[in-house]
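Raw contents of query-v6.txt, compact mmCIF, C-alpha atoms:
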# COMPACT_ATOMS: atom_id res chain seq x y z
CA MET T 200 244.52 1.07 58.17
CA ASN T 201 246.88 -1.73 59.19
CA VAL T 202 247.40 -5.11 57.59
CA THR T 203 245.14 -6.95 60.02
CA THR T 204 242.06 -4.82 59.24
CA ARG T 205 242.35 -3.83 55.57
CA LEU T 206 240.07 -5.57 53.11
CA ALA T 207 241.46 -8.20 50.76
CA GLU T 208 241.30 -7.28 47.08
CA PRO T 209 238.39 -8.90 45.17
CA PHE T 210 238.45 -11.38 42.30
CA VAL T 211 235.92 -13.57 40.55
CA ILE T 212 236.21 -16.79 38.53
CA LEU T 213 233.83 -16.89 35.57
CA GLY T 214 233.07 -19.58 33.00
CA MET T 215 230.53 -21.85 31.42
CA PRO T 216 229.40 -24.87 33.47
CA ARG T 217 231.87 -27.77 33.59
CA SER T 218 234.78 -25.65 32.44
CA GLY T 219 237.08 -26.34 35.39
CA THR T 220 236.15 -23.40 37.62
CA HIS T 221 235.76 -25.63 40.67
CA TYR T 222 239.17 -27.18 40.05
CA LEU T 223 240.84 -23.78 39.64
CA GLU T 224 239.20 -22.49 42.80
CA ALA T 225 240.41 -25.51 44.78
CA LEU T 226 243.96 -24.87 43.58
CA LEU T 227 243.85 -21.15 44.38
CA ASN T 228 242.58 -21.88 47.87
CA GLN T 229 245.84 -23.67 48.63
CA HIS T 230 247.63 -20.32 48.47
CA PRO T 231 247.85 -18.86 52.01
CA GLU T 232 246.93 -15.36 50.80
CA VAL T 233 243.89 -16.38 48.73
CA HIS T 234 240.38 -17.46 49.63
CA SER T 235 237.55 -18.12 47.17
CA SER T 236 234.25 -18.87 48.83
CA GLY T 237 232.45 -20.88 46.15
CA GLU T 238 229.49 -20.16 43.89
CA LEU T 239 228.00 -16.89 45.09
CA LEU T 240 224.73 -17.28 43.15
CA ASN T 241 224.21 -20.97 43.92
CA ALA T 242 221.62 -21.32 46.66
CA TYR T 243 222.84 -24.87 47.40
CA ASP T 244 226.52 -24.05 47.83
CA GLU T 245 227.23 -24.90 51.45
CA ASN T 246 230.44 -22.85 51.59
CA TRP T 247 228.40 -19.74 52.32
CA SER T 248 227.18 -19.33 55.89
CA ASN T 249 224.38 -16.91 54.99
CA LYS T 250 221.76 -19.10 53.33
CA ASP T 251 219.52 -16.05 52.78
CA ARG T 252 222.19 -14.03 50.96
CA LEU T 253 220.39 -14.30 47.61
CA LEU T 254 217.55 -12.22 49.04
CA LEU T 255 219.93 -9.26 49.17
CA PRO T 256 219.93 -6.64 46.39
CA ASP T 257 222.77 -7.05 43.89
CA ARG T 258 225.08 -4.40 45.36
CA GLU T 259 224.54 -5.62 48.92
CA LEU T 260 225.20 -9.20 47.85
CA LEU T 261 228.57 -8.19 46.40
CA ALA T 262 229.36 -6.22 49.55
CA TYR T 263 228.57 -9.33 51.55
CA ALA T 264 230.89 -11.43 49.37
CA TYR T 265 233.82 -9.01 49.28
CA CYS T 266 233.54 -6.80 52.36
CA SER T 267 231.37 -8.31 55.07
CA LEU T 268 232.69 -11.81 55.49
CA PRO T 269 234.95 -12.29 58.50
CA ARG T 270 238.59 -12.47 57.53
CA ILE T 271 239.83 -16.05 57.70
CA ASP T 272 243.44 -15.03 58.22
CA LYS T 273 245.18 -11.72 58.79
CA ASN T 274 247.48 -12.49 55.86
CA LEU T 275 244.61 -12.88 53.39
CA LEU T 276 245.25 -10.56 50.42
CA ARG T 277 242.73 -11.76 47.80
CA ILE T 278 239.12 -12.79 48.33
CA GLY T 279 236.88 -14.16 45.64
CA CYS T 280 233.98 -16.26 44.45
CA LYS T 281 232.95 -17.98 41.27
CA ILE T 282 229.93 -17.61 39.03
CA ASN T 283 228.86 -19.71 36.04
CA GLU T 284 227.03 -18.22 33.07
CA PRO T 285 223.54 -19.70 33.70
CA GLN T 286 223.48 -18.15 37.18
CA PHE T 287 223.56 -14.67 35.65
CA GLU T 288 220.45 -15.55 33.64
CA GLU T 289 218.59 -16.21 36.88
CA ARG T 290 219.55 -12.78 38.26
CA PRO T 291 219.15 -10.01 35.61
CA GLY T 292 221.30 -6.97 36.26
CA PHE T 293 223.83 -8.75 38.47
CA PHE T 294 226.48 -8.96 35.77
CA ASP T 295 226.43 -5.19 35.26
CA GLU T 296 226.73 -4.65 39.01
CA LEU T 297 229.67 -7.04 39.11
CA ALA T 298 231.36 -5.16 36.25
CA ARG T 299 231.09 -1.94 38.29
CA TRP T 300 232.72 -3.39 41.41
CA PRO T 301 235.91 -1.40 42.06
CA GLY T 302 239.27 -3.11 41.61
CA LEU T 303 237.77 -6.44 40.59
CA ARG T 304 240.08 -8.92 38.86
CA VAL T 305 238.38 -11.43 36.59
CA ILE T 306 239.67 -14.91 35.74
CA PHE T 307 237.71 -16.42 32.85
CA LEU T 308 238.15 -20.14 32.36
CA LYS T 309 237.08 -21.55 28.99
CA ARG T 310 237.32 -24.80 27.10
CA ARG T 311 238.69 -24.98 23.59
CA ASN T 312 236.06 -27.61 22.87
CA THR T 313 232.70 -26.36 24.10
CA LEU T 314 231.10 -29.69 23.21
CA GLU T 315 233.03 -31.31 26.05
CA SER T 316 231.59 -28.77 28.46
CA LEU T 317 228.03 -29.51 27.32
CA ARG T 318 228.59 -33.27 27.33
CA SER T 319 229.90 -33.10 30.89
CA LEU T 320 227.00 -30.89 32.02
CA VAL T 321 224.39 -33.31 30.67
CA GLN T 322 226.23 -36.26 32.22
CA ALA T 323 226.26 -34.55 35.62
CA ARG T 324 222.57 -33.72 35.42
CA GLN T 325 221.64 -37.27 34.52
CA SER T 326 223.85 -38.95 37.11
CA GLY T 327 223.59 -36.34 39.88
CA LYS T 328 227.39 -36.59 40.30
CA TRP T 329 229.04 -33.19 39.91
CA LEU T 330 232.48 -34.07 41.30
CA LYS T 331 234.59 -37.17 41.62
CA LEU T 332 236.86 -37.16 44.66
CA ARG T 333 239.99 -39.27 44.98
CA SER T 334 238.69 -40.74 48.24
CA ILE T 335 235.62 -42.17 46.51
CA HIS T 336 236.40 -45.34 44.55
CA ASP T 337 233.91 -45.58 41.71
CA ALA T 338 235.19 -47.36 38.63
CA ALA T 339 232.02 -46.82 36.61
CA PRO T 340 232.32 -44.07 33.96
CA PRO T 341 229.65 -41.37 33.69
CA PRO T 342 226.62 -42.29 31.58
CA SER T 343 226.89 -41.84 27.84
CA VAL T 344 224.47 -39.16 26.66
CA ARG T 345 222.41 -38.16 23.67
CA LEU T 346 222.53 -34.46 22.78
CA ARG T 347 219.94 -32.59 20.76
CA ILE T 348 221.24 -30.52 17.87
CA GLU T 349 219.28 -27.45 18.98
CA ASP T 350 220.69 -27.72 22.52
CA CYS T 351 224.23 -27.85 21.12
CA GLU T 352 223.62 -24.79 18.95
CA ILE T 353 222.20 -22.80 21.85
CA TYR T 354 225.03 -23.81 24.18
CA PHE T 355 227.77 -23.05 21.65
CA GLN T 356 226.29 -19.60 21.01
CA LYS T 357 225.94 -18.86 24.71
CA ALA T 358 229.59 -19.74 25.33
CA GLU T 359 230.72 -17.37 22.58
CA GLN T 360 228.41 -14.57 23.69
CA PHE T 361 229.43 -14.89 27.34
CA LEU T 362 233.12 -14.58 26.58
CA SER T 363 232.45 -11.63 24.27
CA LYS T 364 230.40 -9.92 26.97
CA VAL T 365 233.13 -10.41 29.57
CA ARG T 366 235.81 -9.06 27.22
CA ALA T 367 233.68 -5.99 26.50
CA SER T 368 232.85 -5.35 30.16
CA PHE T 369 236.25 -5.52 31.87
CA ALA T 370 239.48 -3.67 31.18
CA PRO T 371 242.18 -5.90 29.63
CA LEU T 372 244.48 -5.32 32.62
CA ASN T 373 241.78 -6.66 34.97
CA LEU T 374 240.88 -9.73 32.87
CA LEU T 375 242.74 -13.01 32.42
CA VAL T 376 241.36 -15.64 30.04
CA ILE T 377 242.84 -19.12 30.37
CA ASP T 378 242.07 -22.46 28.73
CA TYR T 379 240.95 -25.42 30.78
CA GLU T 380 243.22 -27.62 28.66
CA ASP T 381 246.29 -25.57 29.67
CA LEU T 382 245.28 -25.81 33.33
CA ILE T 383 245.11 -29.60 33.02
CA SER T 384 248.22 -30.18 30.93
CA ASP T 385 250.56 -27.96 32.99
CA THR T 386 248.73 -27.13 36.18
CA ASN T 387 251.49 -25.41 38.11
CA ALA T 388 252.67 -23.24 35.21
CA CYS T 389 249.11 -22.12 34.51
CA LEU T 390 248.39 -21.49 38.17
CA SER T 391 251.58 -19.46 38.52
CA HIS T 392 250.35 -17.32 35.63
CA VAL T 393 247.04 -16.77 37.42
CA LEU T 394 248.74 -15.83 40.69
CA ARG T 395 251.02 -13.33 38.94
CA PHE T 396 247.92 -11.79 37.35
CA MET T 397 246.50 -11.43 40.86
CA GLY T 398 249.72 -9.76 42.03
CA LEU T 399 250.81 -12.70 44.18
CA ALA T 400 253.94 -14.81 44.29
CA PRO T 401 253.54 -18.38 42.96
CA LEU T 402 253.95 -21.21 45.42
CA GLN T 403 257.20 -23.15 45.29
CA ARG T 404 255.54 -26.55 45.49
CA VAL T 405 253.41 -28.82 43.33
CA LEU T 406 249.72 -28.31 43.96
CA GLU T 407 247.14 -31.07 43.91
CA THR T 408 243.48 -31.39 44.77
CA ALA T 409 241.19 -34.26 45.74
CA ILE T 410 239.26 -33.80 42.48
CA GLU T 411 239.72 -36.51 39.87
CA ARG T 412 238.75 -36.85 36.24
CA GLN T 413 235.24 -38.11 35.73
CA GLU T 414 235.31 -38.82 32.00
CA THR T 415 238.34 -40.21 30.17
CA ARG T 416 236.52 -41.48 27.08
CA SER T 417 236.46 -39.57 23.82
CA LEU T 418 233.43 -37.58 22.72
CA GLU T 419 232.75 -40.23 20.10
CA ARG T 420 232.47 -42.89 22.79
CA SER T 421 230.56 -40.84 25.37
CA ILE T 422 227.98 -39.16 23.07
CA GLN T 423 225.52 -41.67 21.64
CA ASN T 424 224.63 -39.61 18.55
CA TYR T 425 228.12 -38.20 17.94
CA ASP T 426 228.08 -39.04 14.21
CA GLU T 427 224.73 -37.29 13.78
CA LEU T 428 226.06 -34.16 15.44
CA ARG T 429 229.32 -34.21 13.48
CA LEU T 430 227.40 -34.49 10.21
CA HIS T 431 225.13 -31.57 11.12
CA PHE T 432 227.97 -29.24 12.15
CA GLN T 433 230.57 -30.37 9.58
CA ASP T 434 230.34 -27.30 7.31
CA GLY T 435 229.87 -24.63 9.99
CA PRO T 436 231.93 -22.75 12.56
CA TYR T 437 231.48 -25.49 15.16
CA SER T 438 232.98 -28.28 13.05
CA LYS T 439 236.23 -27.78 15.02
CA PHE T 440 234.60 -29.35 18.07
CA PHE T 441 234.49 -32.67 16.21
CA ASP T 442 238.14 -32.72 15.17
CA ASP T 443 240.18 -35.42 16.91
CA ALA T 444 242.87 -32.85 17.79
CA CYS T 445 240.31 -30.80 19.72
CA GLN T 446 239.20 -33.64 22.00
CA HIS T 447 240.57 -33.84 25.55
CA VAL T 448 239.90 -35.84 28.66
CA GLU T 449 237.61 -34.53 31.36
CA LEU T 450 238.40 -33.32 34.85
So, in terms of structure tokens, how does the structure I just supplied come out?
Amino acid sequence: MNVTTRLAEPFVILGMPRSGTHYLEALLNQHPEVHSSGELLNAYDENWSNKDRLLLPDRELLAYAYCSLPRIDKNLLRIGCKINEPQFEERPGFFDELARWPGLRVIFLKRRNTLESLRSLVQARQSGKWLKLRSIHDAAPPPSVRLRIEDCEIYFQKAEQFLSKVRASFAPLNLLVIDYEDLISDTNACLSHVLRFMGLAPLQRVLETAIERQETRSLERSIQNYDELRLHFQDGPYSKFFDDACQHVEL
């Protein structure tokens, strides 16, 4: 099989919602040997030409994502997609099928402060704005939100359980876990690490995307009942999410 017909090797980007997976995918897609097609299990993702793909059985859907799509470029060496944790809940059994896919490399993007991920998710749901692009001039910050204690507890637990499940399901050599905060603070160094994990040479140029930060305020300023939440979680394992040192700006 020659280089123009062989299949690109598969990868997937996993994470909780609002953990920077879209940003990472946009950066990876600037590499000439990489193409990630978007959210495979999102029926509204317009990057996929087959709008009926979710009617396919799990194995056939993965074959569509990794084997059946027309090759964009003969030099394409890695082909991928991204999936967020809630999308697995809507499709029981798909995670196990994904874990069985041969040669799959997994990039798991997490946030050190899971509260920021939840805050951002609720903001996006309320405003309907999931991305802020540099070309769109909107000075208004996202809406401040009020979070229920029980919703925080459920979300924190899900984030922990999802990462544990991924670690248990994929061989260490095929799994790379990176922090959103590292991706933001030193984008090119972090991206170079990801590309080396994928067996590719880093690009010798600074990478940028059209995506801009949506929320620059602290959690205390953007969560209406922040003090109530901090008091509730102060003596438990999630108290770290309310430490000033654990708060970061949003992308």
Practice task
Enter the distance from atom CA of T:Asp434 to atom CA of T:Thr313, in Å, rounded to one decimal.
Solution key: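 Here the two named atoms are 17.0 Å from each other.
Take atom CA of T:Phe440 and atom CA of T:Glu427: the distance between them is 13.4 Å.
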Problem - Distance query 6 Å from (238.4, -24.8, 26.4) using only C-alpha atoms, result as a list in words - result: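 Protein, DNA and RNA residues close to (238.4, -24.8, 26.4): Lys309, Arg310, Arg311, Asn312, Asp378 and Tyr379 of chain T.
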Problem - Nearest-residue call for T:Arg347, choices T:Ser438, T:Asn424, T:Gln433, T:Gln229, using all atoms listed in the file - result: T:Asn424
Problem - Contact residues around T:Ala370 with only C-alpha atoms at 12 Å, ignoring same-chain residues under 2 positions, as a ChimeraX atom specification - result: /T:298-299,301-305,364-368,372-375
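Atom pair atom CA of T:Glu352 / atom CA of T:Gly435: separated by 10.9 Å.
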With a cut-off of 12 Å, could you pull out the residues of stretch 339-442 of chain T touching stretch 205-221 of chain T and give me the nearest pair of atoms for each, distance in Å to one decimal, using only C-alpha atoms, ordered by chain and ascending number, as a tab-separated table?
residue	atom	partner	partner_atom	distance
T:Tyr354	CA	T:Met215	CA	9.3
T:Phe355	CA	T:Met215	CA	10.2
T:Gln356	CA	T:Met215	CA	11.5
T:Lys357	CA	T:Met215	CA	8.7
T:Ala358	CA	T:Met215	CA	6.5
T:Glu359	CA	T:Met215	CA	9.9
T:Gln360	CA	T:Met215	CA	10.8
T:Phe361	CA	T:Met215	CA	8.1
T:Leu362	CA	T:Gly214	CA	8.1
T:Ser363	CA	T:Gly214	CA	11.8
T:Lys364	CA	T:Leu213	CA	11.6
T:Val365	CA	T:Leu213	CA	8.9
T:Arg366	CA	T:Leu213	CA	11.6
T:Phe369	CA	T:Val211	CA	11.8
T:Asn373	CA	T:Phe210	CA	9.3
T:Leu374	CA	T:Phe210	CA	9.9
T:Leu375	CA	T:Ile212	CA	9.7
T:Val376	CA	T:Leu213	CA	9.4
T:Ile377	CA	T:Gly214	CA	10.1
T:Asp378	CA	T:Ser218	CA	8.8
T:Tyr379	CA	T:Gly219	CA	6.1
T:Glu380	CA	T:Gly219	CA	9.2
T:Asp381	CA	T:Gly219	CA	10.9
T:Leu382	CA	T:Gly219	CA	8.5
T:Ile383	CA	T:Gly219	CA	9.0
T:Thr386	CA	T:Gly219	CA	11.7
T:Val393	CA	T:Ile212	CA	10.9
T:Leu394	CA	T:Phe210	CA	11.3
T:Phe396	CA	T:Phe210	CA	10.7
T:Met397	CA	T:Phe210	CA	8.2
T:Gly398	CA	T:Glu208	CA	10.1
T:Leu399	CA	T:Glu208	CA	11.3
T:Thr408	CA	T:His221	CA	10.5
T:Ala409	CA	T:His221	CA	11.4
T:Ile410	CA	T:His221	CA	9.1
T:Glu411	CA	T:Gly219	CA	11.4
T:Arg412	CA	T:Gly219	CA	10.7
T:Gln413	CA	T:Arg217	CA	11.1
T:Glu414	CA	T:Arg217	CA	11.7
Problem - Selected residue, from T:Ala264, T:Ala242, T:Leu314, T:Val344, that lies nearest to T:Ile278 when counting only C-alpha atoms - result: T:Ala264
Exercise for the section: Find the residues around T:Gln286 up to 10 Å (all atoms listed in the file counted), leave out those fewer than 5 positions away in its own chain, and share them as number ranges by chain. Expected result: T: 215-216, 238-241, 291, 293-294
Give me a file of those residues, with C-alpha atoms, as an mmCIF file, in the frame of the given file.
data_model
loop_
_atom_site.group_PDB
_atom_site.id
_atom_site.type_symbol
_atom_site.label_atom_id
_atom_site.label_comp_id
_atom_site.auth_asym_id
_atom_site.auth_seq_id
_atom_site.Cartn_x
_atom_site.Cartn_y
_atom_site.Cartn_z
ATOM 1 C CA MET T 215 230.530 -21.850 31.420
ATOM 2 C CA PRO T 216 229.400 -24.870 33.470
ATOM 3 C CA GLU T 238 229.490 -20.160 43.890
ATOM 4 C CA LEU T 239 228.000 -16.890 45.090
ATOM 5 C CA LEU T 240 224.730 -17.280 43.150
ATOM 6 C CA ASN T 241 224.210 -20.970 43.920
ATOM 7 C CA PRO T 291 219.150 -10.010 35.610
ATOM 8 C CA PHE T 293 223.830 -8.750 38.470
ATOM 9 C CA PHE T 294 226.480 -8.960 35.770
#
Practice task
Choose the residue, out of T:Arg258, T:Arg252, T:Lys439, T:Lys281, that has the smallest atom-to-atom separation from T:Ala225; count only C-alpha atoms.
Solution key: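 The shortest atom-to-atom distance to T:Ala225 comes from T:Lys281.
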Around all the atoms of stretch 213-226 of chain T listed in the file, draw an axis-aligned box and extend it by 6 Å on each of the six sides; I want its centre and edge lengths in Å to one decimal, as lines of an AutoDock Vina configuration file.
center_x = 236.7
center_y = -22.3
center_z = 38.1
size_x = 26.6
size_y = 22.9
size_z = 25.4
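Using only C-alpha atoms, the smallest distance between any of T:Pro401, T:Pro371, T:Pro342, T:Gly237 and T:Ser326 comes from T:Pro342.
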Problem - Residue among T:Ser391, T:Asn228, T:Gly292, T:Glu419 lying closest to T:Pro256, counting all atoms listed in the file - result: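 Once distances to T:Pro256 are computed over all atoms listed in the file, the minimum belongs to T:Gly292.
With only C-alpha atoms as the atoms that count, the residue of T:Ser236, T:Leu297, T:Leu227, T:Phe287 with the shortest distance to T:Ser248 is T:Ser236.
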